[in-house]
>>> print(open('structure_23.cif').read())   # mmCIF, C-alpha atoms
data_my_file
loop_
_atom_site.label_atom_id
_atom_site.label_comp_id
_atom_site.auth_asym_id
_atom_site.auth_seq_id
_atom_site.Cartn_x
_atom_site.Cartn_y
_atom_site.Cartn_z
CA MET A 1 274.43 126.00 274.71
CA GLY A 2 274.79 122.52 276.23
CA ARG A 3 275.97 121.74 279.70
CA ILE A 4 279.67 121.81 280.62
CA ARG A 5 280.87 118.20 280.57
CA ILE A 6 283.40 117.57 283.35
CA LEU A 7 285.78 114.69 284.10
CA ILE A 8 287.13 114.27 287.64
CA ALA A 9 290.58 112.73 288.14
CA GLU A 10 290.89 112.17 291.90
CA ASP A 11 291.73 109.23 294.21
CA SER A 12 290.30 110.58 297.49
CA SER A 13 286.75 109.36 298.15
CA LEU A 14 286.07 112.48 300.25
CA PHE A 15 287.02 114.93 297.50
CA ILE A 16 285.32 112.82 294.85
CA THR A 17 282.10 113.29 296.81
CA VAL A 18 282.70 117.02 297.35
CA LEU A 19 283.49 117.71 293.69
CA SER A 20 280.69 115.49 292.39
CA GLU A 21 278.10 117.23 294.55
CA LEU A 22 279.44 120.62 293.50
CA ILE A 23 279.04 119.75 289.80
CA GLU A 24 275.67 118.04 290.15
CA SER A 25 274.23 121.04 291.99
CA GLU A 26 274.73 123.26 288.93
CA PRO A 27 272.18 123.06 286.08
CA ASP A 28 274.78 124.04 283.47
CA MET A 29 277.29 121.33 284.49
CA GLU A 30 277.42 117.57 284.01
CA LEU A 31 279.76 114.98 285.52
CA VAL A 32 280.61 112.63 282.65
CA GLY A 33 283.39 110.53 284.13
CA LEU A 34 285.54 109.67 287.14
CA ALA A 35 289.15 108.47 287.13
CA THR A 36 290.98 107.43 290.29
CA ASN A 37 294.41 107.46 288.66
CA GLY A 38 296.17 109.37 285.92
CA ALA A 39 296.22 106.53 283.41
CA LYS A 40 292.44 106.20 283.62
CA ALA A 41 292.09 109.97 283.21
CA VAL A 42 294.00 109.82 279.91
CA GLU A 43 291.84 106.93 278.73
CA LEU A 44 288.55 108.58 279.69
CA CYS A 45 289.59 111.89 278.14
CA GLU A 46 290.04 110.20 274.78
CA GLN A 47 286.72 108.35 275.12
CA LEU A 48 284.48 111.06 276.57
CA LYS A 49 285.96 114.30 275.15
CA PRO A 50 285.03 116.39 278.25
CA ASP A 51 284.97 120.19 278.27
CA LEU A 52 287.03 120.37 281.47
CA ILE A 53 289.13 118.04 283.64
CA LEU A 54 289.56 118.55 287.39
CA MET A 55 293.01 117.01 287.93
CA ASP A 56 294.52 115.87 291.21
CA ILE A 57 298.32 115.67 291.24
CA HIS A 58 299.19 112.87 293.68
CA MET A 59 297.47 109.73 292.35
CA PRO A 60 298.47 106.06 291.98
CA VAL A 61 299.53 104.35 288.73
CA MET A 62 300.16 107.68 286.99
CA ASP A 63 300.39 111.07 288.70
CA GLY A 64 298.53 114.15 287.55
CA LEU A 65 301.62 115.80 286.06
CA THR A 66 302.29 112.86 283.73
CA ALA A 67 298.59 112.56 282.91
CA THR A 68 298.41 116.27 282.05
CA GLY A 69 301.31 115.92 279.62
CA ARG A 70 299.74 112.86 277.97
CA ILE A 71 296.34 114.53 277.65
CA MET A 72 297.72 117.74 276.17
CA ALA A 73 299.69 115.69 273.64
CA THR A 74 296.84 113.38 272.59
CA CYS A 75 293.45 114.98 273.34
CA PRO A 76 294.00 118.64 274.33
CA THR A 77 291.45 119.59 276.99
CA PRO A 78 291.20 122.44 279.52
CA ILE A 79 292.66 121.17 282.81
CA LEU A 80 292.20 122.72 286.24
CA VAL A 81 294.65 121.32 288.78
CA VAL A 82 292.98 120.76 292.17
CA THR A 83 295.55 120.12 294.86
CA ALA A 84 295.63 119.78 298.64
CA ASP A 85 299.36 120.41 298.89
CA PRO A 86 300.90 122.54 296.14
CA HIS A 87 304.49 122.04 297.29
CA ARG A 88 305.09 118.51 298.54
CA GLY A 89 308.06 116.20 298.15
CA GLY A 90 310.58 118.89 297.19
CA VAL A 91 309.39 119.19 293.57
CA ASP A 92 306.34 121.28 292.87
CA LEU A 93 304.35 119.00 290.58
CA SER A 94 301.35 121.33 290.61
CA PHE A 95 303.24 124.15 288.90
CA LYS A 96 305.08 121.76 286.62
CA ALA A 97 301.62 120.67 285.46
CA LEU A 98 301.00 124.25 284.33
CA SER A 99 304.11 124.14 282.17
CA ALA A 100 302.81 120.83 280.78
CA GLY A 101 299.59 122.50 279.62
CA ALA A 102 297.17 122.78 282.57
CA LEU A 103 295.42 126.15 282.57
CA ASP A 104 295.20 126.99 286.27
CA LEU A 105 295.24 125.56 289.77
CA VAL A 106 293.14 125.82 292.92
CA SER A 107 293.31 124.42 296.43
CA LYS A 108 291.06 121.58 297.43
CA PRO A 109 288.19 122.79 299.63
CA GLY A 110 289.43 123.61 303.11
CA GLU A 111 286.06 122.89 304.70
CA VAL A 112 283.21 120.49 303.97
CA PRO A 113 280.68 121.75 303.08
CA MET A 114 282.52 124.47 301.16
CA ARG A 115 282.25 128.08 302.25
CA GLU A 116 279.99 130.04 299.92
CA ALA A 117 282.74 132.39 298.74
CA GLU A 118 285.05 129.45 298.03
CA ARG A 119 282.28 127.60 296.21
CA PHE A 120 281.44 130.64 294.07
CA GLY A 121 285.09 131.18 293.13
CA PHE A 122 285.58 127.51 292.28
CA LEU A 123 282.54 127.42 290.00
CA ARG A 124 283.47 130.70 288.35
CA LYS A 125 286.92 129.38 287.50
CA MET A 126 285.48 126.13 286.14
CA ARG A 127 283.09 127.99 283.84
CA LEU A 128 285.86 130.28 282.62
CA LEU A 129 288.36 127.52 281.84
CA ALA A 130 285.82 125.23 280.17
CA GLY A 131 285.33 127.85 277.45
CA ILE A 132 289.03 128.35 276.67
CA PRO A 133 290.27 126.71 273.46
CA VAL A 134 293.48 124.75 274.02
CA VAL A 135 296.02 123.42 271.56
CA ARG A 136 298.23 120.37 271.43
CA HIS A 137 301.01 120.87 273.94
CA VAL A 138 303.76 118.29 273.96
CA ARG A 139 306.24 119.97 276.31
CA ASP A 140 305.98 118.67 279.88
CA ARG A 141 308.81 120.67 281.44
CA LEU A 142 310.37 124.11 281.31
CA PRO A 143 313.34 124.65 279.03
CA ASP A 144 316.52 124.75 281.12
CA SER A 145 319.65 126.32 279.72
CA SER A 146 322.69 124.08 280.04
CA ALA A 147 324.29 126.66 282.34
CA SER A 148 321.50 126.38 284.91
CA LYS A 149 320.70 122.66 284.87
CA ALA A 150 323.07 121.68 287.67
CA THR A 151 321.97 124.59 289.86
CA ASN A 152 318.27 123.86 289.29
CA ALA A 153 318.69 120.14 290.02
CA ALA A 154 320.43 120.87 293.30
CA LYS A 155 317.79 123.40 294.35
CA ILE A 156 314.94 121.03 293.61
CA GLU A 157 316.64 118.15 295.38
CA ASP A 158 317.16 119.85 298.74
CA ASN A 159 314.48 122.57 298.45
CA ARG A 160 316.92 125.30 299.47
CA PRO A 161 317.68 128.48 297.53
CA ALA A 162 320.84 128.07 295.48
CA ARG A 163 323.47 130.80 295.28
CA LYS A 164 323.14 132.49 291.91
CA THR A 165 325.59 134.75 290.16
CA PRO A 166 324.82 138.36 291.18
CA ALA A 167 324.13 140.94 288.50
CA PRO A 168 327.22 142.90 287.50
CA THR A 169 327.66 146.51 288.50
CA LYS A 170 325.99 148.86 286.02
CA PRO A 171 326.31 152.62 285.55
CA LYS A 172 325.48 154.64 288.66
CA GLU A 173 322.21 155.92 287.22
CA SER A 174 319.22 153.90 288.44
CA PRO A 175 318.59 150.78 286.34
CA PRO A 176 315.34 150.38 284.40
CA ILE A 177 312.55 148.52 286.19
CA LEU A 178 310.30 145.90 284.60
CA GLY A 179 306.75 145.58 285.92
CA ILE A 180 304.76 142.47 284.94
CA VAL A 181 301.04 141.74 285.33
CA ALA A 182 299.62 138.27 284.65
CA SER A 183 296.62 136.10 285.46
CA THR A 184 295.24 132.90 283.88
CA GLY A 185 298.01 131.37 281.79
CA GLY A 186 300.56 133.61 283.45
CA PRO A 187 302.58 130.99 285.34
CA ARG A 188 303.30 129.09 282.15
CA ALA A 189 304.32 132.27 280.31
CA LEU A 190 306.42 133.41 283.26
CA GLY A 191 308.18 130.06 283.41
CA GLU A 192 309.24 130.37 279.78
CA PHE A 193 310.11 134.06 279.92
CA LEU A 194 312.04 134.08 283.21
CA GLY A 195 313.67 130.77 282.36
CA ALA A 196 315.23 132.41 279.30
CA LEU A 197 316.73 135.39 281.16
CA PRO A 198 320.40 135.35 282.19
CA ALA A 199 321.51 135.62 285.83
CA ASP A 200 323.00 139.06 285.10
CA PHE A 201 319.74 140.51 283.75
CA GLY A 202 320.18 144.25 284.18
CA ALA A 203 316.83 145.26 285.71
CA PRO A 204 314.74 144.44 288.78
CA ILE A 205 311.41 142.77 287.97
CA LEU A 206 308.25 143.48 289.97
CA LEU A 207 305.53 140.88 289.41
CA VAL A 208 301.79 140.81 290.08
CA GLN A 209 300.35 137.38 289.28
CA HIS A 210 296.71 136.71 290.12
CA ILE A 211 296.72 133.34 291.83
CA THR A 212 294.67 131.44 294.39
CA ARG A 213 295.32 132.54 297.95
CA GLY A 214 298.26 130.73 299.51
CA PHE A 215 299.95 129.84 296.22
CA ALA A 216 302.22 132.88 295.77
CA VAL A 217 304.99 131.42 297.91
CA HIS A 218 304.91 128.17 295.93
CA LEU A 219 304.86 130.03 292.61
CA THR A 220 307.92 131.95 293.81
CA ARG A 221 309.81 128.76 294.67
CA TRP A 222 308.88 127.12 291.39
CA LEU A 223 309.96 130.08 289.27
CA ASP A 224 313.18 130.44 291.26
CA ALA A 225 314.03 126.76 290.77
CA ASN A 226 313.52 127.03 287.01
CA SER A 227 315.35 130.26 286.22
CA GLN A 228 318.80 131.79 286.57
CA VAL A 229 317.46 135.07 287.95
CA ASN A 230 316.58 135.16 291.64
CA VAL A 231 312.85 135.03 292.43
CA VAL A 232 311.70 136.10 295.91
CA LEU A 233 308.44 136.94 297.66
CA ALA A 234 308.30 140.71 298.07
CA LYS A 235 308.54 142.33 301.50
CA ASN A 236 307.67 145.83 302.63
CA GLY A 237 310.64 148.20 302.60
CA GLN A 238 312.77 145.86 300.45
CA ARG A 239 315.39 147.51 298.24
CA ILE A 240 315.23 146.17 294.69
CA ARG A 241 318.20 144.89 292.71
CA PRO A 242 318.81 143.92 289.08
CA GLY A 243 318.57 140.22 288.33
CA THR A 244 315.87 139.64 290.96
CA VAL A 245 312.12 139.11 290.56
CA TYR A 246 309.89 140.36 293.40
CA VAL A 247 306.54 138.53 293.56
CA ALA A 248 303.59 140.34 295.15
CA PRO A 249 302.07 138.26 298.00
CA THR A 250 298.42 137.28 297.63
CA GLU A 251 295.88 139.51 299.40
CA LEU A 252 298.36 142.43 299.57
CA GLN A 253 299.07 145.39 297.31
CA MET A 254 302.59 146.08 296.03
CA GLU A 255 304.03 149.26 294.54
CA LEU A 256 307.29 151.13 294.13
CA SER A 257 307.76 153.95 296.61
CA SER A 258 309.33 157.35 295.94
CA THR A 259 312.52 156.15 297.67
CA GLY A 260 312.90 153.22 295.26
CA ALA A 261 311.97 150.61 297.87
CA LEU A 262 308.98 148.27 297.72
CA LYS A 263 305.77 149.15 299.50
CA VAL A 264 303.81 145.97 300.35
CA TYR A 265 300.68 146.67 302.35
CA ASP A 266 297.16 145.59 303.27
CA GLY A 267 295.31 147.95 300.94
CA PRO A 268 291.82 147.66 299.44
CA ALA A 269 291.22 145.64 296.29
CA VAL A 270 291.28 147.69 293.08
CA ALA A 271 288.70 146.57 290.50
CA GLY A 272 288.48 143.34 292.50
CA TYR A 273 292.23 142.62 292.50
CA ARG A 274 294.65 142.39 295.41
CA PRO A 275 297.43 142.51 294.38
CA SER A 276 296.53 144.82 291.52
CA GLY A 277 298.60 145.23 288.38
CA ASP A 278 297.23 148.74 287.91
CA VAL A 279 298.50 149.74 291.37
CA LEU A 280 301.97 148.41 290.56
CA LEU A 281 302.27 149.92 287.08
CA ARG A 282 300.93 153.31 288.14
CA SER A 283 303.60 153.48 290.84
CA LEU A 284 306.25 152.75 288.20
CA ALA A 285 304.84 155.58 286.09
CA ARG A 286 305.15 157.94 289.07
CA HIS A 287 308.55 156.92 290.38
CA ALA A 288 310.48 155.10 287.61
CA ALA A 289 309.37 156.48 284.23
CA PRO A 290 310.66 156.83 281.66
CA ARG A 291 313.15 154.21 282.89
CA ALA A 292 310.36 151.65 283.26
CA ILE A 293 308.95 148.82 281.18
CA GLY A 294 305.41 147.53 281.52
CA LEU A 295 304.54 143.98 280.43
CA VAL A 296 301.05 142.43 280.46
CA LEU A 297 300.90 138.67 280.00
CA SER A 298 298.04 136.21 279.50
CA GLY A 299 295.05 136.79 281.75
CA MET A 300 291.32 137.25 282.18
CA GLY A 301 289.88 140.71 282.78
CA GLN A 302 291.38 144.17 282.38
CA ASP A 303 293.90 144.49 285.19
CA GLY A 304 297.01 146.33 284.04
CA ALA A 305 295.35 148.33 281.25
CA PHE A 306 295.06 151.58 283.24
CA GLY A 307 298.57 151.15 284.63
CA MET A 308 299.89 150.62 281.11
CA ALA A 309 298.16 153.85 280.07
CA ALA A 310 299.94 155.74 282.85
CA LEU A 311 303.28 154.25 281.81
CA TYR A 312 302.69 155.00 278.14
CA ARG A 313 301.82 158.64 278.86
CA SER A 314 304.98 158.97 280.98
CA GLY A 315 307.21 157.87 278.09
CA ALA A 316 307.88 154.31 279.29
CA VAL A 317 307.99 151.23 277.05
CA THR A 318 304.85 149.06 277.21
CA LEU A 319 304.66 145.47 275.95
CA VAL A 320 301.99 142.77 275.78
CA GLN A 321 302.16 139.04 275.08
CA ASP A 322 300.95 137.94 271.65
CA GLU A 323 297.54 136.34 271.29
CA ALA A 324 298.73 133.04 269.83
CA SER A 325 300.77 132.13 272.92
CA SER A 326 298.28 133.50 275.49
CA VAL A 327 295.89 131.16 277.28
CA VAL A 328 293.45 134.07 277.76
CA TYR A 329 293.95 137.30 275.81
CA SER A 330 291.62 139.60 277.76
CA MET A 331 294.29 141.51 279.69
CA PRO A 332 296.67 142.15 276.77
CA SER A 333 293.67 143.02 274.59
CA ALA A 334 292.34 145.54 277.12
CA ALA A 335 295.65 147.43 276.98
CA LEU A 336 295.73 147.23 273.18
CA GLU A 337 292.20 148.63 272.89
CA ARG A 338 293.30 151.72 274.80
CA GLY A 339 296.13 152.36 272.33
CA VAL A 340 298.79 152.32 275.04
CA VAL A 341 301.01 149.43 273.88
CA SER A 342 304.42 150.03 272.32
CA GLU A 343 304.86 146.46 271.05
CA ILE A 344 303.20 143.04 270.87
CA VAL A 345 305.84 140.40 271.57
CA GLU A 346 305.71 136.68 270.85
CA LEU A 347 306.44 134.66 273.98
CA PRO A 348 309.43 132.74 272.52
CA HIS A 349 311.09 136.08 271.67
CA MET A 350 310.10 137.98 274.81
CA ALA A 351 313.27 137.44 276.85
CA THR A 352 315.46 138.56 273.96
CA ARG A 353 313.34 141.62 273.24
CA VAL A 354 313.22 142.74 276.88
CA GLN A 355 316.99 142.32 277.18
CA GLU A 356 317.41 144.51 274.09
CA ILE A 357 315.22 147.22 275.61
CA VAL A 358 317.07 147.10 278.94
CA GLY A 359 320.38 147.24 277.09
CA THR A 360 319.23 150.37 275.26
CA PHE A 361 318.72 152.17 278.58
CA PHE A 362 322.32 151.46 279.58
CA GLU A 363 323.67 152.41 276.16
CA ASN A 364 321.86 155.75 276.38
CA THR A 365 323.24 156.27 279.89
CA GLN A 366 326.81 155.61 278.77
CA SER A 367 326.35 157.89 275.75
CA LYS A 368 325.10 160.75 277.94
CA SER A 369 328.02 160.23 280.34
CA HIS A 370 330.49 160.30 277.44
CA HIS A 371 329.05 163.55 276.05
CA ALA A 372 329.01 165.11 279.50
CA ARG A 373 332.75 164.44 279.94
CA LYS A 374 333.41 166.12 276.61
#
>>> encode(input="structure_23.cif", output="structure tokens")
Amino acid sequence: MGRIRILIAEDSSLFITVLSELIESEPDMELVGLATNGAKAVELCEQLKPDLILMDIHMPVMDGLTATGRIMATCPTPILVVTADPHRGGVDLSFKALSAGALDLVSKPGEVPMREAERFGFLRKMRLLAGIPVVRHVRDRLPDSSASKATNAAKIEDNRPARKTPAPTKPKESPPILGIVASTGGPRALGEFLGALPADFGAPILLVQHITRGFAVHLTRWLDANSQVNVVLAKNGQRIRPGTVYVAPTELQMELSSTGALKVYDGPAVAGYRPSGDVLLRSLARHAAPRAIGLVLSGMGQDGAFGMAALYRSGAVTLVQDEASSVVYSMPSAALERGVVSEIVELPHMATRVQEIVGTFFENTQSKSHHARK
């Protein structure tokens, strides 16, 4: 195997030096090009055909978001967004770059020289992404339904949460609960899936997304701005409501308690993950099954597989994203290998399918109530 050929797109001389030294210190990596603006990054990508691009977002001439869209449309290449400020200027360009085709994002080094743990994690992510096959990706923004365009534009403009239509009152029996686990490729899949759900979606959604420390709050804002459902960062003791997505904070565990409230706490990592999808899904198996749905999206590793097994044994519905639309298929595959998946769902059809399943719970509830009155 040859060395990993890397292109840096960065306009800061300090971070150019830091990233160059990081690459040159590794025997299996090679710096093949340097671009100080997005237009040059597009040009060098076509010329050099690198294995990985480290992409800054805020650059002159052409920003990293536009460059990512151009690259994925002309010379598809794994892109790792490297940003100092993931939520600047009211519009989160870093996360929009993920919807344009970038694979993942990391913070720029907080210290120079880099801390050993930060350096190890950075290099590990670079090696992982460089080996992921990517396809031509011409979309550079999330699909907005016509009903939500005005709301989303206003929210992005002033960076304040917009008032969304609350979910309608459902039968008195507890609503179903959807638990989602995602990692690499997850933000892009979440953007498409949540963006296709209506504001009156009939179930609460509990989400564990593996993401670089400090980015969960920005992921939450980005998803909220691009969907009709409400998306909030989860808090301990919070009561959950239909039509709302609760995002687990980084470095904390999240689960559903026996009272139906969220439990967000400083617990130990499980199989290296905090938050852990297995912790979340197992709690749904204990306290919400069979009125629970488990969904594992694109991601590296096996997180969620054991939680899906617990849900499956408890009679809950378990779904995984299809391989064709997944950036990394390790997590869905791990659940499939255990034989604990009810359905494989294509990403473009996922919102419709989940709504059908949630609707079935309410239909069954109404049917039982009707028979009971008889």
>>> closest_residue(input="structure_23.cif", among="A:Ala189, A:Ile344, A:Ile71, A:Ala100", to="Ser325 in chain A", atoms="only C-alpha atoms")
A:Ala189
>>> closest_residue(input="structure_23.cif", among="A:Arg291, A:Gly101, A:Gly195, A:Gly339", to="Ser174 in chain A", atoms="all atoms listed in the file")
A:Arg291
>>> resolve_selection(input="structure_23.cif", expression="the PyMOL selection byres ((chain A and resi 45) around 9)", output="list in words")
Leu7, Gly33, Lys40, Ala41, Val42, Glu43, Leu44, Glu46, Gln47, Leu48, Lys49, Pro50, Ile53, Ile71, Cys75, Pro76 and Thr77 of chain A
>>> resolve_selection(input="structure_23.cif", expression="the PyMOL selection byres ((chain A and resi 274) around 9)", output="JSON, numbers by chain")
{"A": [210, 249, 250, 251, 252, 253, 254, 266, 267, 268, 269, 270, 271, 272, 273, 275, 276, 277]}
>>> closest_residue(input="structure_23.cif", among="A:Val354, A:Pro204, A:Leu295, A:Ala234", to="Ala216 in chain A", atoms="all atoms listed in the file")
A:Ala234
>>> resolve_selection(input="structure_23.cif", expression="the PyMOL selection byres ((chain A and resi 57) around 8)", output="list in words")
Met55, Asp56, His58, Met59, Asp63, Gly64, Leu65, Val81, Val82, Thr83, Leu93 and Ser94 of chain A
>>> closest_residue(input="structure_23.cif", among="A:Met308, A:Ala182, A:Val208, A:Ala9", to="Gly38 in chain A", atoms="all atoms listed in the file")
A:Ala9
>>> build_atoms(input="structure_23.cif", residues="range 273-306 of chain A", atoms="N, CA and C atoms", output="mmCIF file, in the frame of the given file")
data_model
loop_
_atom_site.group_PDB
_atom_site.id
_atom_site.type_symbol
_atom_site.label_atom_id
_atom_site.label_comp_id
_atom_site.auth_asym_id
_atom_site.auth_seq_id
_atom_site.Cartn_x
_atom_site.Cartn_y
_atom_site.Cartn_z
ATOM 1 N N TYR A 273 290.932 143.299 292.469
ATOM 2 C CA TYR A 273 292.230 142.620 292.500
ATOM 3 C C TYR A 273 293.100 143.099 293.660
ATOM 4 N N ARG A 274 293.678 142.133 294.342
ATOM 5 C CA ARG A 274 294.650 142.390 295.410
ATOM 6 C C ARG A 274 295.585 141.194 295.494
ATOM 7 N N PRO A 275 296.771 141.314 294.899
ATOM 8 C CA PRO A 275 297.430 142.510 294.380
ATOM 9 C C PRO A 275 296.852 142.959 293.035
ATOM 10 N N SER A 276 297.035 144.219 292.744
ATOM 11 C CA SER A 276 296.530 144.820 291.520
ATOM 12 C C SER A 276 297.688 145.227 290.613
ATOM 13 N N GLY A 277 297.606 144.813 289.351
ATOM 14 C CA GLY A 277 298.600 145.230 288.380
ATOM 15 C C GLY A 277 298.550 146.716 288.111
ATOM 16 N N ASP A 278 297.350 147.294 288.134
ATOM 17 C CA ASP A 278 297.230 148.740 287.910
ATOM 18 C C ASP A 278 297.944 149.522 289.008
ATOM 19 N N VAL A 279 297.809 149.074 290.261
ATOM 20 C CA VAL A 279 298.500 149.740 291.370
ATOM 21 C C VAL A 279 300.001 149.708 291.157
ATOM 22 N N LEU A 280 300.525 148.543 290.789
ATOM 23 C CA LEU A 280 301.970 148.410 290.560
ATOM 24 C C LEU A 280 302.444 149.293 289.424
ATOM 25 N N LEU A 281 301.796 149.193 288.262
ATOM 26 C CA LEU A 281 302.270 149.920 287.080
ATOM 27 C C LEU A 281 302.123 151.424 287.240
ATOM 28 N N ARG A 282 301.072 151.869 287.914
ATOM 29 C CA ARG A 282 300.930 153.310 288.140
ATOM 30 C C ARG A 282 302.061 153.837 289.015
ATOM 31 N N SER A 283 302.486 153.039 289.987
ATOM 32 C CA SER A 283 303.600 153.480 290.840
ATOM 33 C C SER A 283 304.897 153.564 290.034
ATOM 34 N N LEU A 284 305.076 152.674 289.068
ATOM 35 C CA LEU A 284 306.250 152.750 288.200
ATOM 36 C C LEU A 284 306.192 154.008 287.336
ATOM 37 N N ALA A 285 304.991 154.361 286.886
ATOM 38 C CA ALA A 285 304.840 155.580 286.090
ATOM 39 C C ALA A 285 305.203 156.819 286.913
ATOM 40 N N ARG A 286 304.861 156.788 288.196
ATOM 41 C CA ARG A 286 305.150 157.940 289.070
ATOM 42 C C ARG A 286 306.628 158.023 289.445
ATOM 43 N N HIS A 287 307.235 156.889 289.740
ATOM 44 C CA HIS A 287 308.550 156.920 290.380
ATOM 45 C C HIS A 287 309.691 156.332 289.550
ATOM 46 N N ALA A 288 309.407 155.716 288.388
ATOM 47 C CA ALA A 288 310.480 155.100 287.610
ATOM 48 C C ALA A 288 310.508 155.537 286.152
ATOM 49 N N ALA A 289 309.419 156.080 285.648
ATOM 50 C CA ALA A 289 309.370 156.480 284.230
ATOM 51 C C ALA A 289 310.290 157.663 283.990
ATOM 52 N N PRO A 290 310.865 157.749 282.789
ATOM 53 C CA PRO A 290 310.660 156.830 281.660
ATOM 54 C C PRO A 290 311.510 155.582 281.702
ATOM 55 N N ARG A 291 312.304 155.404 282.791
ATOM 56 C CA ARG A 291 313.150 154.210 282.890
ATOM 57 C C ARG A 291 312.344 153.049 283.474
ATOM 58 N N ALA A 292 311.237 152.748 282.823
ATOM 59 C CA ALA A 292 310.360 151.650 283.260
ATOM 60 C C ALA A 292 309.837 150.926 282.031
ATOM 61 N N ILE A 293 309.528 149.657 282.240
ATOM 62 C CA ILE A 293 308.950 148.820 281.180
ATOM 63 C C ILE A 293 307.734 148.132 281.770
ATOM 64 N N GLY A 294 306.606 148.227 281.099
ATOM 65 C CA GLY A 294 305.410 147.530 281.520
ATOM 66 C C GLY A 294 305.160 146.334 280.619
ATOM 67 N N LEU A 295 304.799 145.200 281.203
ATOM 68 C CA LEU A 295 304.540 143.980 280.430
ATOM 69 C C LEU A 295 303.283 143.303 280.956
ATOM 70 N N VAL A 296 302.282 143.133 280.098
ATOM 71 C CA VAL A 296 301.050 142.430 280.460
ATOM 72 C C VAL A 296 301.039 141.087 279.739
ATOM 73 N N LEU A 297 300.921 140.023 280.534
ATOM 74 C CA LEU A 297 300.900 138.670 280.000
ATOM 75 C C LEU A 297 299.465 138.135 279.975
ATOM 76 N N SER A 298 299.325 136.891 279.589
ATOM 77 C CA SER A 298 298.040 136.210 279.500
ATOM 78 C C SER A 298 297.204 136.407 280.757
ATOM 79 N N GLY A 299 295.911 136.634 280.582
ATOM 80 C CA GLY A 299 295.050 136.790 281.750
ATOM 81 C C GLY A 299 293.644 137.199 281.397
ATOM 82 N N MET A 300 292.734 136.902 282.326
ATOM 83 C CA MET A 300 291.320 137.250 282.180
ATOM 84 C C MET A 300 291.052 138.597 282.834
ATOM 85 N N GLY A 301 290.248 139.427 282.199
ATOM 86 C CA GLY A 301 289.880 140.710 282.780
ATOM 87 C C GLY A 301 290.637 141.864 282.161
ATOM 88 N N GLN A 302 290.752 142.961 282.909
ATOM 89 C CA GLN A 302 291.380 144.170 282.380
ATOM 90 C C GLN A 302 292.493 144.711 283.266
ATOM 91 N N ASP A 303 292.877 143.975 284.287
ATOM 92 C CA ASP A 303 293.900 144.490 285.190
ATOM 93 C C ASP A 303 295.189 144.783 284.413
ATOM 94 N N GLY A 304 295.785 145.918 284.704
ATOM 95 C CA GLY A 304 297.010 146.330 284.040
ATOM 96 C C GLY A 304 296.795 147.356 282.940
ATOM 97 N N ALA A 305 295.589 147.429 282.383
ATOM 98 C CA ALA A 305 295.350 148.330 281.250
ATOM 99 C C ALA A 305 295.508 149.801 281.656
ATOM 100 N N PHE A 306 294.958 150.183 282.814
ATOM 101 C CA PHE A 306 295.060 151.580 283.240
ATOM 102 C C PHE A 306 296.496 151.905 283.672
#
